[in-house]
Structures are given as structure tokens and as C-alpha cells.
Amino acid sequence: MKVGVIGTNWLVEEMISIFNKCGAEVLAVYSRSADRAKFFSENNNIKLYFDDLEKMLQVDDIDIVYIASPNAVHHEQAELALLSGKHVIIEKPIVLKLDDLQDLIDIAEKHKLFVFEAVTTLHLPNYQKIKEMIEEIGDIKLVDLNFSKYSSKYDDFLNGTIKSVFNREMGGGALNDMNVYNIHFLLGLFGTPRKYTYYPNVERGIDTSGIVVAQYDSFTATLSAGKDVVGNSHISIQGVNGLIRSSSSSSTIENFEFVTFDKSVIVDVQDKNIYEYEMQDFIKIIENRDVESYKELLAQSRNVVEVLERINNE
């Protein structure tokens, strides 16, 4: 399979080797800047570069378009790609509005294509292992998820240079950029909470950090994310018979400790780059036309977008 990528950031650069490992070749790159697209293509051995997205989408050999652009333009770019007959992989959050998501789903279905949300959490073997083992810790009472990291763009933000990750109009902020992983982690295990409230720390009109408090019938979860703090990422799921905890974030789950009254074990069943698992799953779904697995992923994305949209509209 051949891939066209939208964006030239560090993640796109890393994804080039990930696609190669998964049997796909990055054939083309698009950037709004022709110079940036040319520089990126030459540095990463990409054959074609474009500063006109529609021209890149006219390349017949491209099967998949990978989108790693600001959140606010995900829908527009994905719609163009789908209408051009390409499968689409969109970095989290897939979009920020349910109507936009349904629009993409409808177009993909009409053209017999797939549209995916790239969020590492759901595809990690350690996350799947947590799903398998969680019943052993009994009734859940407390969940605490934290994904925090001092952003490389925060100092610029404080000095008045606003990049897209700190631009509300571009769909930036700690909730959409980082807490989305915690929301996926939580909803993938327990479904949508009956009530959720966001308590953001707001600077210059954007949430630079914040906490989601999510209430279920029998327990409460706190989901913290910060782009303005020295990080203390962790996972803690506390039950009446045991505990699952990790000192890594919900985006990586590098390992976790499983603790009960009579044992404590470190679990780690991952041996690849975290991005490789999701891309393997997407390509496998496309090749096998695995509609059942695809619909499960869409349902998860829909639930998360519903939470994000409601919070963002508060």
C-alpha cells in the first residue's frame, strides 16, 4: 500500500518508518509550505511533495492518507481524501464534532472506504491485557489517570507566540491534545460515564491543563492532563480486591503492576514501537475488509467525540 501524509512534524517523520514496518510506503507528503514539503521529502526519501492538497489526492497510487494536521482542519482534509477514493487515518482526536464524524463515516461507507482514528491506547497489547485482568481486582472504586508533559511550545505561548496546540480556534488545548488519551482509556474499559465535568486551568483563552471528573454508578474517575507542568503521568485503577497501576501514561502503557492481597506482578507484553500496533491493525482491517473490527473502533471514536464536544461547548 502507498501512503500520502499531511503534515511535516516529528510524528509524521516517525510514522514513515512505522508504515514501512507495516508493509506500506510513504509516497507523498503535503505541506502548506512548498519549501517545507520539499525539505521534508528530501530528508525522508519521499518521492513526491505538494503544497496543493487536491493535487496530492489526485495521485492514483496513493491508497491511504494519514492526517497529522491541526485538529480543526481534520474534517475538511479527511472529507477531501475520502471523496478522492482514499482510506483515511486521522491523528487523535479524529474530529471535534459528532456531526463531522458522522459525515466522514457516511462518505467512507458510500465509497467503500475506511476512516480511522489513530490513538495508540486502544491498540496497545498492555491495554488489552488490562482489559483481560481487570475483573480480578473486583468492584472498581477509584480510577486516576494522568498524562502530563511540559510542552516544548509552552514557553513560546507564554511569550505570545501561539502555535496550533495552544490555539482554541485550531482545536488545541490540553483536553483535545492529551486528555483525549485518558478519555479513550477510560471509555474503552467502562463505557461512557453518566456524568462528567471538566475543570480547566485557562491561560490566554485555552486550557493549558485540566481535570475531567467522570462519575459512574459505583465509582469516580479523575482524568488529568497538562501541557504546562512537569509531568507525573500515571495510571491507577483501584478495586476492592486489587490494584492496577503504572508510572507511564495512557498513551504508552509501557508496563503495569497488578497487585492483589497475595501477589504483585509486573506485566509487559509489548515489544514494538507503540505506533506500530495501531498501524498494523488499520492495514489489516483494510486488507481483510474487517467491517466488524472497524465498527468497534468507530463506536469508540463516536463515544469519545461526544464527550469532547460537550466539554468544549461548556
# chains A, B, ... in the order shown; residues from 1 in each chain; ligands from 1

$ residues_around --residues "Phe116 (chain A)" --least-positions-apart "5" --cutoff "9 Å" --atoms "only C-alpha atoms" --output "PDB file with C-alpha atoms, in the first residue's frame"
ATOM      1  CA  HIS A  87      -8.726   5.413   3.045  1.00  0.00           C
ATOM      2  CA  VAL A  88      -8.010   7.867   5.855  1.00  0.00           C
ATOM      3  CA  ILE A  89      -6.122   7.645   9.147  1.00  0.00           C
ATOM      4  CA  ILE A  90      -6.555  10.733  11.334  1.00  0.00           C
ATOM      5  CA  GLU A  91      -4.480  11.509  14.402  1.00  0.00           C
ATOM      6  CA  ILE A  94     -10.448  12.244  14.880  1.00  0.00           C
ATOM      7  CA  PHE A 282      -5.593  -0.425  10.416  1.00  0.00           C
ATOM      8  CA  TYR A 294     -13.842  -1.319  12.050  1.00  0.00           C
ATOM      9  CA  LEU A 297     -13.323   1.333  16.559  1.00  0.00           C
ATOM     10  CA  LEU A 298     -15.850   3.793  15.126  1.00  0.00           C
ATOM     11  CA  SER A 301     -14.402   7.189  18.489  1.00  0.00           C
TER      12      SER A 301
END

$ residues_around --residues "Ile253 (chain A)" --least-positions-apart "5" --cutoff "10 Å" --atoms "only C-alpha atoms" --output "number ranges by chain"
A: 120-121, 124-127, 130, 234-235, 245-248, 268, 270, 274

$ atom_distance --atom1 "CA of Lys47 (chain A)" --atom2 "CA of Val3 (chain A)"
11.2 Å

$ select_by_dssp --residues "region 47-136 of chain A" --states "helix (DSSP H, G or I)" --output "ChimeraX atom specification"
/A:53-57,71-83,98-110,120-123,125-136

$ write_last_selection --atoms "N, CA and C atoms" --output "CSV table (one decimal), in the first residue's frame"
chain,number,residue,atom,x,y,z
A,53,LEU,N,-3.1,20.3,-1.7
A,53,LEU,CA,-3.6,19.0,-1.2
A,53,LEU,C,-4.4,18.3,-2.3
A,54,GLU,N,-5.2,19.0,-3.0
A,54,GLU,CA,-6.0,18.4,-4.0
A,54,GLU,C,-5.2,17.7,-5.1
A,55,LYS,N,-4.0,18.3,-5.4
A,55,LYS,CA,-3.1,17.6,-6.4
A,55,LYS,C,-2.5,16.4,-5.8
A,56,MET,N,-2.2,16.3,-4.5
A,56,MET,CA,-1.6,15.1,-4.0
A,56,MET,C,-2.7,14.0,-4.0
A,57,LEU,N,-4.0,14.4,-3.7
A,57,LEU,CA,-5.0,13.4,-3.7
A,57,LEU,C,-5.4,12.9,-5.1
A,71,ASN,N,-6.2,20.0,14.7
A,71,ASN,CA,-7.4,19.3,14.9
A,71,ASN,C,-8.6,20.0,14.1
A,72,ALA,N,-8.6,21.3,14.0
A,72,ALA,CA,-9.7,22.0,13.4
A,72,ALA,C,-9.9,21.7,11.9
A,73,VAL,N,-8.8,21.2,11.3
A,73,VAL,CA,-8.9,21.0,9.8
A,73,VAL,C,-9.0,19.5,9.5
A,74,HIS,N,-9.1,18.7,10.5
A,74,HIS,CA,-9.2,17.2,10.3
A,74,HIS,C,-10.4,16.9,9.4
A,75,HIS,N,-11.6,17.4,9.7
A,75,HIS,CA,-12.8,17.1,8.9
A,75,HIS,C,-12.6,17.5,7.4
A,76,GLU,N,-12.2,18.7,7.2
A,76,GLU,CA,-12.1,19.2,5.8
A,76,GLU,C,-11.1,18.3,5.0
A,77,GLN,N,-10.0,18.1,5.6
A,77,GLN,CA,-8.9,17.3,4.8
A,77,GLN,C,-9.4,15.9,4.7
A,78,ALA,N,-10.0,15.3,5.7
A,78,ALA,CA,-10.4,13.9,5.6
A,78,ALA,C,-11.5,13.7,4.6
A,79,GLU,N,-12.4,14.7,4.5
A,79,GLU,CA,-13.5,14.6,3.5
A,79,GLU,C,-13.0,14.7,2.1
A,80,LEU,N,-12.0,15.5,1.9
A,80,LEU,CA,-11.4,15.6,0.5
A,80,LEU,C,-10.7,14.3,0.2
A,81,ALA,N,-10.0,13.7,1.1
A,81,ALA,CA,-9.3,12.4,0.9
A,81,ALA,C,-10.3,11.3,0.6
A,82,LEU,N,-11.4,11.2,1.3
A,82,LEU,CA,-12.4,10.2,1.1
A,82,LEU,C,-13.1,10.4,-0.2
A,83,LEU,N,-13.4,11.6,-0.6
A,83,LEU,CA,-14.0,11.9,-1.9
A,83,LEU,C,-13.1,11.6,-3.0
A,98,LEU,N,-19.6,15.6,16.6
A,98,LEU,CA,-20.3,14.4,16.2
A,98,LEU,C,-20.8,14.4,14.8
A,99,ASP,N,-21.3,15.6,14.4
A,99,ASP,CA,-21.9,15.7,13.0
A,99,ASP,C,-20.7,15.6,12.0
A,100,ASP,N,-19.6,16.1,12.3
A,100,ASP,CA,-18.4,15.9,11.4
A,100,ASP,C,-18.0,14.5,11.3
A,101,LEU,N,-18.0,13.8,12.4
A,101,LEU,CA,-17.7,12.4,12.4
A,101,LEU,C,-18.7,11.6,11.6
A,102,GLN,N,-19.9,11.8,11.8
A,102,GLN,CA,-20.9,11.1,11.0
A,102,GLN,C,-20.8,11.3,9.5
A,103,ASP,N,-20.5,12.6,9.2
A,103,ASP,CA,-20.3,12.9,7.8
A,103,ASP,C,-19.2,12.1,7.2
A,104,LEU,N,-18.1,12.0,7.9
A,104,LEU,CA,-16.9,11.2,7.4
A,104,LEU,C,-17.3,9.7,7.3
A,105,ILE,N,-18.0,9.2,8.3
A,105,ILE,CA,-18.5,7.8,8.3
A,105,ILE,C,-19.4,7.5,7.1
A,106,ASP,N,-20.3,8.4,6.8
A,106,ASP,CA,-21.2,8.3,5.7
A,106,ASP,C,-20.5,8.3,4.3
A,107,ILE,N,-19.6,9.2,4.2
A,107,ILE,CA,-18.8,9.3,2.9
A,107,ILE,C,-18.0,8.0,2.7
A,108,ALA,N,-17.3,7.6,3.8
A,108,ALA,CA,-16.5,6.3,3.7
A,108,ALA,C,-17.3,5.1,3.3
A,109,GLU,N,-18.5,5.0,4.0
A,109,GLU,CA,-19.4,3.9,3.7
A,109,GLU,C,-19.9,3.9,2.2
A,110,LYS,N,-20.2,5.1,1.7
A,110,LYS,CA,-20.7,5.3,0.4
A,110,LYS,C,-19.7,4.8,-0.6
A,120,THR,N,-3.1,5.6,20.1
A,120,THR,CA,-2.3,4.4,20.4
A,120,THR,C,-2.9,3.5,21.4
A,121,THR,N,-3.6,4.1,22.4
A,121,THR,CA,-4.0,3.4,23.6
A,121,THR,C,-4.8,2.1,23.3
A,122,LEU,N,-5.8,2.2,22.4
A,122,LEU,CA,-6.7,1.1,22.2
A,122,LEU,C,-6.0,-0.1,21.6
A,123,HIS,N,-4.9,0.1,20.9
A,123,HIS,CA,-4.2,-0.9,20.2
A,123,HIS,C,-3.0,-1.6,20.9
A,125,PRO,N,-0.9,-3.8,23.3
A,125,PRO,CA,-1.1,-5.1,24.0
A,125,PRO,C,-1.3,-5.0,25.5
A,126,ASN,N,-0.6,-4.0,26.1
A,126,ASN,CA,-0.7,-3.9,27.6
A,126,ASN,C,-2.1,-3.4,27.9
A,127,TYR,N,-2.7,-2.6,27.1
A,127,TYR,CA,-4.1,-2.2,27.3
A,127,TYR,C,-5.1,-3.3,27.2
A,128,GLN,N,-4.8,-4.2,26.2
A,128,GLN,CA,-5.7,-5.4,26.0
A,128,GLN,C,-5.5,-6.3,27.2
A,129,LYS,N,-4.3,-6.3,27.8
A,129,LYS,CA,-4.0,-7.2,28.9
A,129,LYS,C,-4.8,-6.6,30.2
A,130,ILE,N,-4.8,-5.3,30.3
A,130,ILE,CA,-5.5,-4.7,31.4
A,130,ILE,C,-7.0,-5.1,31.3
A,131,LYS,N,-7.5,-5.1,30.1
A,131,LYS,CA,-8.9,-5.4,29.9
A,131,LYS,C,-9.2,-6.9,30.3
A,132,GLU,N,-8.2,-7.8,30.0
A,132,GLU,CA,-8.4,-9.2,30.4
A,132,GLU,C,-8.3,-9.4,31.9
A,133,MET,N,-7.5,-8.6,32.6
A,133,MET,CA,-7.2,-8.8,34.0
A,133,MET,C,-8.0,-8.0,35.0
A,134,ILE,N,-8.7,-7.0,34.5
A,134,ILE,CA,-9.4,-6.1,35.4
A,134,ILE,C,-10.5,-6.7,36.3
A,135,GLU,N,-11.1,-7.7,35.8
A,135,GLU,CA,-12.1,-8.3,36.7
A,135,GLU,C,-11.6,-8.9,37.9
A,136,GLU,N,-10.3,-9.3,37.9
A,136,GLU,CA,-9.7,-9.9,39.1
A,136,GLU,C,-9.5,-9.0,40.3

$ residues_around --residues "region 180-190 of chain A" --least-positions-apart "2" --cutoff "9 Å" --atoms "only C-alpha atoms" --output "ChimeraX atom specification"
/A:92-93,119-122,127,130-131,134,143,145-147,174-178,192-193,212,216,221,223-225,249-251,300-301,303-304,307-308

$ write_last_selection --atoms "C-alpha atoms" --output "compact mmCIF listing (two decimals), in the first residue's frame"
# COMPACT_ATOMS: atom_id res chain seq x y z
CA LYS A 92 -6.49 11.87 17.60
CA PRO A 93 -8.91 13.44 18.12
CA VAL A 119 -4.98 6.76 19.10
CA THR A 120 -2.28 4.45 20.41
CA THR A 121 -4.04 3.43 23.63
CA LEU A 122 -6.67 1.11 22.18
CA TYR A 127 -4.09 -2.16 27.33
CA ILE A 130 -5.53 -4.72 31.42
CA LYS A 131 -8.93 -5.45 29.87
CA ILE A 134 -9.37 -6.05 35.41
CA VAL A 143 -9.67 5.47 38.80
CA LEU A 145 -5.30 8.76 35.04
CA ASN A 146 -2.69 11.45 34.45
CA PHE A 147 -0.91 12.36 31.22
CA ALA A 174 -4.76 20.00 26.96
CA LEU A 175 -8.15 18.30 26.71
CA ASN A 176 -8.07 17.70 22.96
CA ASP A 177 -4.35 17.05 22.69
CA MET A 178 -3.58 14.92 25.77
CA THR A 192 -19.44 6.46 28.76
CA PRO A 193 -19.81 7.86 32.30
CA VAL A 212 -12.08 15.70 33.96
CA TYR A 216 -20.14 6.11 37.07
CA ALA A 221 -12.59 8.67 37.82
CA LEU A 223 -8.52 12.31 34.29
CA SER A 224 -5.71 14.87 34.42
CA ALA A 225 -3.62 16.30 31.60
CA SER A 249 0.78 7.49 30.56
CA SER A 250 -2.35 6.08 28.95
CA SER A 251 -0.78 6.81 25.56
CA GLN A 300 -15.33 4.06 20.45
CA SER A 301 -14.40 7.19 18.49
CA ASN A 303 -18.29 7.97 22.25
CA VAL A 304 -15.10 9.96 22.80
CA VAL A 307 -17.56 13.70 25.43
CA LEU A 308 -15.10 16.13 23.83

$ residues_around --residues "Phe261 (chain A)" --least-positions-apart "5" --cutoff "10 Å" --atoms "only C-alpha atoms" --output "list in words"
Ile137, Val240, Asn241, Gly242 and Leu243 of chain A
